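S.K.: I'm passing along run.txt; it holds compact mmCIF, C-alpha atoms and all ligand atoms.
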# COMPACT_ATOMS: atom_id res chain seq x y z
CA MET A 102 0.00 0.00 0.00
CA LYS A 103 1.18 3.46 -0.87
CA ILE A 104 1.05 6.09 1.91
CA PHE A 105 1.42 9.84 1.53
CA TYR A 106 2.63 11.87 4.47
CA ASP A 107 3.89 15.45 4.70
CA ARG A 108 6.19 16.15 7.63
CA ARG A 109 5.38 19.87 7.47
CA HIS A 110 2.26 19.05 9.50
CA LEU A 111 4.67 19.15 12.48
CA LEU A 112 4.83 22.92 12.07
CA TYR A 113 1.11 23.25 12.64
CA ILE A 114 0.44 23.34 16.38
CA PRO A 115 -2.89 24.78 17.52
CA LYS A 116 -2.76 25.38 21.26
CA LYS A 117 -6.21 25.96 22.72
CA GLU A 118 -9.89 25.57 22.15
CA MET A 119 -12.94 26.79 24.00
CA ASP A 120 -15.00 23.88 25.25
CA ASN A 121 -18.17 24.54 27.22
CA GLY A 122 -16.97 27.97 28.29
CA LYS A 123 -13.50 26.79 29.33
CA TRP A 124 -10.13 27.04 27.64
CA VAL A 125 -8.77 23.54 27.16
CA GLU A 126 -5.81 22.10 25.27
CA ASN A 127 -6.51 21.70 21.56
CA ALA A 128 -6.71 17.99 20.69
CA ASP A 129 -5.37 18.25 17.13
CA LYS A 130 -1.72 17.82 18.04
CA PRO A 131 1.04 16.50 15.71
CA ASP A 132 1.81 13.47 17.87
CA ARG A 133 -1.48 11.81 16.98
CA ILE A 134 -0.30 11.49 13.37
CA GLU A 135 3.31 10.66 14.31
CA ALA A 136 1.98 7.76 16.39
CA ILE A 137 0.28 6.28 13.33
CA ARG A 138 3.34 6.80 11.14
CA GLU A 139 5.66 5.12 13.66
CA SER A 140 3.29 2.23 14.21
CA LEU A 141 2.91 1.47 10.49
CA GLU A 142 6.63 1.85 9.90
CA ARG A 143 7.49 -0.48 12.75
CA HIS A 144 4.92 -3.21 12.18
CA PHE A 145 4.63 -3.29 8.39
CA GLY A 146 7.82 -1.64 7.19
CA PHE A 147 5.77 0.82 5.11
CA SER A 148 7.55 3.78 3.65
CA PHE A 149 5.98 7.20 3.30
CA SER A 150 5.97 9.16 0.07
CA GLU A 151 6.49 12.91 0.10
CA PRO A 152 3.56 14.52 -1.67
CA ARG A 153 3.84 17.07 -4.41
CA ASP A 154 2.17 20.40 -3.72
CA TYR A 155 -1.03 21.48 -5.42
CA TYR A 156 -2.09 25.00 -6.24
CA SER A 157 -4.79 26.56 -4.12
CA SER A 158 -7.07 26.61 -7.18
CA TYR A 159 -8.02 23.01 -6.37
CA LEU A 160 -9.74 24.27 -3.23
CA TYR A 161 -12.42 25.78 -5.45
CA LEU A 162 -13.55 22.33 -6.51
CA VAL A 163 -15.44 22.47 -3.21
CA HIS A 164 -14.98 25.76 -1.36
CA ASP A 165 -16.32 29.26 -2.01
CA HIS A 166 -13.86 31.84 -3.15
CA ASP A 167 -14.90 34.18 -0.31
CA TYR A 168 -14.13 31.53 2.27
CA VAL A 169 -10.73 30.56 0.85
CA HIS A 170 -9.74 34.20 0.62
CA TRP A 171 -10.96 34.91 4.14
CA LEU A 172 -8.93 32.03 5.63
CA LYS A 173 -5.79 33.05 3.76
CA LYS A 174 -6.05 36.66 4.96
CA LYS A 175 -6.87 35.67 8.54
CA SER A 176 -3.91 33.26 8.67
CA GLU A 177 -1.53 35.86 7.29
CA GLY A 178 -2.72 38.33 9.91
CA VAL A 179 -1.76 36.13 12.88
CA GLU A 180 1.70 36.58 14.43
CA PRO A 181 3.80 33.39 14.47
CA GLY A 182 3.18 31.56 17.75
CA GLU A 183 -0.12 33.34 18.35
CA GLU A 184 -3.61 32.16 17.48
CA TYR A 185 -6.79 33.95 16.54
CA PHE A 186 -10.15 32.93 17.92
CA PRO A 187 -12.94 33.62 15.48
CA GLU A 188 -15.78 35.98 16.29
CA VAL A 189 -19.40 34.83 16.12
CA PHE A 190 -20.43 33.31 12.84
CA GLY A 191 -21.38 35.99 10.35
CA TYR A 192 -18.34 38.05 11.22
CA ASP A 193 -15.95 35.12 10.79
CA LYS A 194 -16.42 31.94 8.76
CA VAL A 195 -16.14 29.37 11.56
CA PHE A 196 -19.08 27.60 13.18
CA ASP A 197 -17.63 26.59 16.56
CA THR A 198 -15.25 27.71 19.31
CA GLY A 199 -12.73 24.90 18.86
CA THR A 200 -11.07 25.95 15.63
CA PRO A 201 -8.39 28.60 16.15
CA ILE A 202 -6.47 30.16 13.29
CA THR A 203 -2.69 30.15 13.46
CA ARG A 204 -0.16 31.77 11.14
CA ASN A 205 0.03 28.62 9.04
CA SER A 206 -3.56 27.31 9.22
CA PHE A 207 -4.10 28.06 5.54
CA PHE A 208 -0.77 26.54 4.52
CA ALA A 209 -1.18 23.44 6.70
CA ALA A 210 -4.75 22.85 5.50
CA LEU A 211 -3.68 23.24 1.87
CA ASN A 212 -0.88 20.72 2.47
CA ALA A 213 -3.42 18.23 3.83
CA VAL A 214 -5.41 18.69 0.63
CA SER A 215 -2.24 18.06 -1.40
CA VAL A 216 -1.56 14.85 0.50
CA SER A 217 -5.11 13.70 -0.33
CA LEU A 218 -4.85 14.62 -4.03
CA ASN A 219 -1.55 12.72 -4.32
CA ALA A 220 -3.44 9.68 -3.08
CA VAL A 221 -6.12 10.11 -5.77
CA ASP A 222 -3.41 10.51 -8.42
CA GLU A 223 -2.07 7.08 -7.46
CA ILE A 224 -5.53 5.59 -7.95
CA LEU A 225 -5.73 7.23 -11.37
CA THR A 226 -2.49 5.51 -12.31
CA GLY A 227 -3.72 2.10 -11.20
CA GLU A 228 -3.12 1.65 -7.44
CA THR A 229 -6.01 0.05 -5.57
CA VAL A 230 -5.45 1.15 -1.95
CA VAL A 231 -3.78 4.44 -1.01
CA TYR A 232 -3.63 6.18 2.37
CA ALA A 233 -3.42 9.94 2.90
CA LEU A 234 -1.99 10.36 6.41
CA CYS A 235 -2.83 14.05 6.66
CA ARG A 236 -3.53 16.73 9.27
CA PRO A 237 -5.50 18.95 9.87
CA PRO A 238 -8.62 16.85 9.25
CA GLY A 239 -11.38 17.94 6.86
CA HIS A 240 -14.83 16.41 7.25
CA HIS A 241 -16.37 19.21 9.36
CA ALA A 242 -15.40 21.91 6.85
CA SER A 243 -18.30 22.91 4.59
CA SER A 244 -18.10 24.87 1.36
CA SER A 245 -17.95 28.15 3.28
CA GLN A 246 -17.11 27.46 6.95
CA ALA A 247 -14.37 25.95 9.11
CA GLY A 248 -15.08 23.98 12.28
CA GLY A 249 -14.07 20.94 14.33
CA TYR A 250 -10.32 21.44 13.63
CA CYS A 251 -11.15 21.34 9.89
CA TYR A 252 -10.47 24.10 7.33
CA PHE A 253 -10.61 22.43 3.92
CA ASN A 254 -12.57 19.27 3.26
CA ASN A 255 -9.83 16.88 2.14
CA ALA A 256 -12.21 14.00 1.32
CA ALA A 257 -14.66 16.17 -0.60
CA ILE A 258 -11.92 17.79 -2.67
CA ALA A 259 -10.45 14.35 -3.36
CA ALA A 260 -13.87 13.15 -4.60
CA ARG A 261 -14.31 16.12 -6.95
CA TYR A 262 -10.74 15.78 -8.18
CA PHE A 263 -11.36 12.13 -9.06
CA GLN A 264 -14.53 13.10 -10.92
CA LYS A 265 -12.70 15.82 -12.81
CA TYR A 266 -10.62 13.12 -14.51
CA THR A 267 -13.04 10.21 -14.66
CA HIS A 268 -16.62 11.49 -14.47
CA GLY A 269 -17.01 8.54 -12.10
CA TYR A 270 -19.19 7.83 -9.08
CA VAL A 271 -17.67 8.21 -5.63
CA ALA A 272 -18.82 6.85 -2.27
CA ILE A 273 -17.54 8.43 0.93
CA LEU A 274 -17.65 6.23 4.03
CA ASP A 275 -17.11 8.34 7.14
CA LEU A 276 -15.84 6.32 10.12
CA ASP A 277 -14.81 9.22 12.36
CA PHE A 278 -16.65 9.38 15.71
CA HIS A 279 -18.16 12.74 14.75
CA HIS A 280 -20.65 13.31 11.97
CA GLY A 281 -19.03 14.81 8.89
CA ASN A 282 -21.42 17.73 8.57
CA GLY A 283 -19.21 19.43 5.98
CA THR A 284 -19.00 16.46 3.64
CA GLN A 285 -22.73 15.88 3.97
CA GLU A 286 -23.51 19.51 3.11
CA ILE A 287 -21.22 19.57 0.08
CA PHE A 288 -22.84 16.55 -1.56
CA TYR A 289 -26.35 16.84 -0.14
CA ALA A 290 -27.99 17.58 -3.50
CA ASP A 291 -25.65 15.37 -5.50
CA SER A 292 -26.48 11.87 -6.74
CA THR A 293 -22.96 11.19 -8.06
CA VAL A 294 -21.36 11.18 -4.61
CA LEU A 295 -22.84 8.92 -1.94
CA TYR A 296 -22.17 9.92 1.67
CA VAL A 297 -22.49 7.24 4.36
CA SER A 298 -21.52 7.91 7.99
CA LEU A 299 -21.40 6.06 11.32
CA HIS A 300 -21.06 8.44 14.25
CA GLY A 301 -22.11 9.42 17.75
CA ASP A 302 -25.78 10.44 17.98
CA PRO A 303 -25.93 14.21 17.33
CA LYS A 304 -28.55 14.55 20.04
CA ARG A 305 -25.67 14.07 22.50
CA PHE A 306 -22.48 14.62 20.55
CA TYR A 307 -20.66 17.20 18.44
CA PRO A 308 -21.45 18.62 15.87
CA TRP A 309 -25.08 18.46 17.13
CA MET A 310 -26.45 20.25 14.06
CA SER A 311 -26.52 17.22 11.77
CA GLY A 312 -26.10 13.47 11.51
CA TYR A 313 -29.70 12.31 12.04
CA ASP A 314 -30.95 9.33 10.09
CA TRP A 315 -33.75 11.34 8.52
CA GLU A 316 -31.19 13.45 6.64
CA ILE A 317 -31.37 11.58 3.34
CA GLY A 318 -30.35 14.26 0.82
CA GLU A 319 -32.25 16.84 -1.20
CA GLU A 320 -33.21 17.39 -4.86
CA ASP A 321 -31.15 15.02 -7.05
CA GLY A 322 -29.33 13.87 -3.93
CA VAL A 323 -32.35 12.29 -2.23
CA GLY A 324 -31.39 8.73 -1.38
CA TYR A 325 -27.66 9.41 -1.61
CA ASN A 326 -27.00 10.36 2.01
CA PHE A 327 -27.10 7.78 4.81
CA ASN A 328 -26.52 8.54 8.48
CA PHE A 329 -26.12 5.83 11.10
CA PRO A 330 -26.10 7.63 14.47
CA LEU A 331 -25.10 5.36 17.35
CA PRO A 332 -25.40 5.82 21.12
CA GLY A 333 -22.48 6.63 23.41
CA GLU A 334 -20.46 3.60 24.55
CA THR A 335 -21.27 1.67 21.37
CA ALA A 336 -18.92 -1.32 21.30
CA GLY A 337 -17.53 -3.58 18.58
CA THR A 338 -20.45 -5.93 18.00
CA ASP A 339 -23.04 -3.21 17.47
CA TYR A 340 -20.62 -1.07 15.51
CA LEU A 341 -19.73 -3.87 13.11
CA ARG A 342 -23.36 -4.82 12.63
CA THR A 343 -24.10 -1.23 11.64
CA LEU A 344 -21.04 -1.08 9.40
CA GLU A 345 -22.39 -4.08 7.47
CA LYS A 346 -25.62 -2.15 6.80
CA ALA A 347 -23.62 0.87 5.67
CA LEU A 348 -21.57 -1.28 3.32
CA VAL A 349 -24.71 -2.67 1.70
CA GLU A 350 -25.63 0.87 0.66
CA ILE A 351 -22.17 1.37 -0.80
CA GLU A 352 -22.28 -1.93 -2.68
CA ASN A 353 -25.69 -1.06 -4.14
CA PHE A 354 -24.30 2.28 -5.31
CA ASP A 355 -21.31 0.50 -6.90
CA PRO A 356 -18.88 3.44 -6.92
CA ASP A 357 -15.79 3.81 -9.11
CA LEU A 358 -13.92 4.97 -6.03
CA LEU A 359 -14.47 4.55 -2.30
CA ILE A 360 -13.07 7.29 -0.08
CA VAL A 361 -12.89 6.43 3.62
CA SER A 362 -12.82 9.29 6.10
CA LEU A 363 -10.83 7.37 8.68
CA GLY A 364 -11.09 8.51 12.30
CA PHE A 365 -9.71 6.57 15.24
CA ASP A 366 -11.63 8.69 17.74
CA THR A 367 -14.11 5.78 17.95
CA HIS A 368 -11.59 4.01 20.24
CA LYS A 369 -12.62 3.59 23.86
CA GLU A 370 -9.47 5.40 25.01
CA ASP A 371 -10.04 8.45 22.83
CA PRO A 372 -10.30 11.65 24.90
CA ILE A 373 -13.03 13.32 22.79
CA GLY A 374 -14.89 10.37 21.26
CA TYR A 375 -17.46 8.37 23.22
CA PHE A 376 -17.63 4.92 21.64
CA SER A 377 -16.07 1.83 23.21
CA LEU A 378 -14.24 0.17 20.33
CA GLU A 379 -11.26 -1.96 21.31
CA ASP A 380 -8.01 -2.63 19.51
CA LYS A 381 -9.22 -5.88 17.96
CA ASP A 382 -12.34 -4.27 16.51
CA TYR A 383 -10.21 -2.28 14.08
CA TYR A 384 -8.96 -5.52 12.58
CA LEU A 385 -12.56 -6.48 11.84
CA ILE A 386 -13.34 -3.05 10.39
CA GLY A 387 -10.35 -3.32 8.08
CA LYS A 388 -11.38 -6.83 7.10
CA ALA A 389 -14.93 -5.71 6.31
CA LEU A 390 -13.51 -3.17 3.84
CA LYS A 391 -11.12 -5.69 2.33
CA ASP A 392 -14.04 -7.79 1.15
CA LEU A 393 -15.26 -4.91 -1.05
CA ASP A 394 -14.11 -4.77 -4.62
CA PHE A 395 -13.50 -1.02 -5.00
CA SER A 396 -10.40 1.14 -5.25
CA ILE A 397 -9.96 2.82 -1.89
CA VAL A 398 -8.48 6.14 -0.81
CA LEU A 399 -8.19 6.39 2.97
CA ILE A 400 -8.05 9.92 4.33
CA GLN A 401 -7.13 10.51 7.95
CA GLU A 402 -9.64 12.46 10.05
CA GLY A 403 -9.73 12.36 13.88
CA GLY A 404 -8.12 10.14 16.53
CA TYR A 405 -6.68 11.97 19.50
CA ASN A 406 -4.98 9.44 21.74
CA PRO A 407 -1.57 8.65 20.23
CA GLY A 408 -1.28 5.27 22.01
CA ALA A 409 -4.75 4.18 20.89
CA ASN A 410 -4.03 5.44 17.35
CA MET A 411 -0.95 3.22 17.20
CA ARG A 412 -2.89 0.08 18.05
CA ALA A 413 -6.03 0.96 16.09
CA SER A 414 -4.11 1.77 12.90
CA ARG A 415 -1.94 -1.33 13.16
CA ASN A 416 -4.99 -3.56 13.52
CA PHE A 417 -7.00 -1.74 10.88
CA PHE A 418 -4.30 -2.19 8.25
CA ALA A 419 -3.64 -5.78 9.31
CA GLY A 420 -7.31 -6.46 8.53
CA LEU A 421 -7.45 -4.41 5.34
CA LEU A 422 -4.33 -5.73 3.63
N1 LIG B 1 -17.71 20.17 23.89
C1 LIG B 1 -12.60 15.68 14.28
O1 LIG B 1 -12.57 14.62 14.88
N2 LIG B 1 -14.86 19.58 20.03
N3 LIG B 1 -12.99 16.83 14.88
C2 LIG B 1 -16.11 19.26 20.61
C3 LIG B 1 -17.45 19.40 22.68
C4 LIG B 1 -14.79 19.45 18.58
C5 LIG B 1 -13.39 16.82 16.25
C6 LIG B 1 -16.24 19.91 21.96
C7 LIG B 1 -14.39 18.08 18.12
C8 LIG B 1 -14.06 18.08 16.65
C9 LIG B 1 -12.16 15.76 12.86
ZN ZN B 2 -13.87 13.14 15.05
Rewrite the structure from the file as structure tokens, please.
Ligand code: Q9C
Ligand code: ZN
M.R.:
Amino acid sequence: MKIFYDRRHLLYIPKKEMDNGKWVENADKPDRIEAIRESLERHFGFSFSEPRDYYSSYLYLVHDHDYVHWLKKKSEGVEPGEEYFPEVFGYDKVFDTGTPITRNSFFAALNAVSVSLNAVDEILTGETVVYALCRPPGHHASSSQAGGYCYFNNAAIAARYFQKYTHGYVAILDLDFHHGNGTQEIFYADSTVLYVSLHGDPKRFYPWMSGYDWEIGEEDGVGYNFNFPLPGETAGTDYLRTLEKALVEIENFDPDLLIVSLGFDTHKEDPIGYFSLEDKDYYLIGKALKDLDFSIVLIQEGGYNPGANMRASRNFFAGLL
């Protein structure tokens, strides 16, 4: 399996976030990705390809010009080492209080997009499984707003980039603990991109605004959006049973490419996810995907406990490959 990884993510270090009225440490730290890299290097001997950089014009496959321009200007206005906390939505283009802007937010988020597009390029030249080990994550970012540590929607841009060259159908399977509100929004009226997500019930868990099972798409997209909200503490058996249902929808759709938004914040030891998956469950998740007959691009999303990420990723790839 080919893996793309860009070590410049180490330069992107958000410090704080506001959670329930309190300043807490920001969970999107570099070590969560380093843990995965080390684990895969050690246990499988994988090597990591340096991505080539893409121009920011690819962002417009998904994002509004106003939004891209706003993020670039805001990032440039922050002193190195400082971070800017967005004002209420309407003034700034961020929908929560957990997504600070640092001097290199724009640059780091664009690099994560580049990592993802390199992975799609490999698929276009005949690879069948490629992993984009990128940070910051993307699935909460909508066409015009940042949120949930996400600035640009890596998976959504990857899907549109694939379609630009193939006119093919894409399914996005979102396995992060949190609902990918951004990805859902971007493809909500689109029947060429299927969005399927398993996540914590939005009645209790972030991002609260979306992820209900009655959100099935609109206009042409009706029937091309599937949400599987699950209760807190969901463990392996229930999770895997639900995953099987989700995979049936993907098999019926029969995509030309499957993009997996891969979050390890479903692990029971994750500090901000509330499922109870154990190390061995990730082997079974990987195995469930192996049985599918599609080309797969895996794009890293959440996963905030480095130790748990090491074990989850090792088991996931043992099952997948
Ligand atoms: N009081 C991803 O996993 N914090 N983003 C919620 C609840 C935001 C996570 C705070 C969590 C976003 C890609
Ligand atoms: Zn998450």
S.K.: Would you list the contacts of Asn205 (chain A) as a short mmCIF file (atom, residue, chain, number, x, y, z; two decimals) with C-alpha atoms, in the coordinates of the input, taking every protein, DNA or RNA residue within 8 Å and counting only C-alpha atoms, but skipping same-chain residues closer than 5 positions in sequence?
M.R.:
data_model
loop_
_atom_site.label_atom_id
_atom_site.label_comp_id
_atom_site.auth_asym_id
_atom_site.auth_seq_id
_atom_site.Cartn_x
_atom_site.Cartn_y
_atom_site.Cartn_z
CA TYR A 113 1.11 23.25 12.64
CA SER A 176 -3.91 33.26 8.67
CA GLU A 177 -1.53 35.86 7.29
#
S.K.: Could you tell me, counting all atoms listed in the file, which protein and nucleic acid residues lie no more than 12 Å from ligand ZN 2 (chain B), written as number ranges by chain?
M.R.: A: 128-129, 237-241, 248-251, 275-282, 298-301, 306-308, 362-368, 371-376, 401-406
S.K.: Please report the interatomic distance between CA of Phe208 (chain A) and CA of Val231 (chain A) in Å with one decimal.
M.R.: 23.0 Å
S.K.: Find the residue from A:Asp167, A:Glu350, A:Asp154, A:Asp197 that sits nearest to ligand LIG 1 (chain B); use all atoms listed in the file when measuring.
M.R.: A:Asp197
S.K.: Rounded to one decimal place, report the CA of Tyr252 (chain A)-CA of Glu334 (chain A) distance in Å.
M.R.: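 About the pair CA of Tyr252 (chain A) and CA of Glu334 (chain A): they are 28.6 Å apart.
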S.K.: So how far away is CA of Gly122 (chain A) from atom N1 of ligand LIG 1 (chain B), in Å?
M.R.: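 We find that atom N1 of ligand LIG 1 (chain B) and CA of Gly122 (chain A) lie 9.0 Å from each other.
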S.K.: Identify which of the residues A:Arg342, A:Lys116, A:Lys103, A:His110 lies closest to Ile397 (chain A), counting all atoms listed in the file when measuring atom-to-atom distances.
M.R.: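 Distance minimum relative to Ile397 (chain A) lands on A:Lys103.
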S.K.: For Leu359 (chain A), list every protein, DNA or RNA residue within 7 Å, evaluated using all atoms listed in the file, and leave out those in the same chain fewer than 4 positions away; present the list as a list in words.
M.R.: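 After dropping sequence-adjacent residues, the list is Val271, Ala272, Ile273, Phe395, Ser396, Ile397 and Val398 of chain A.
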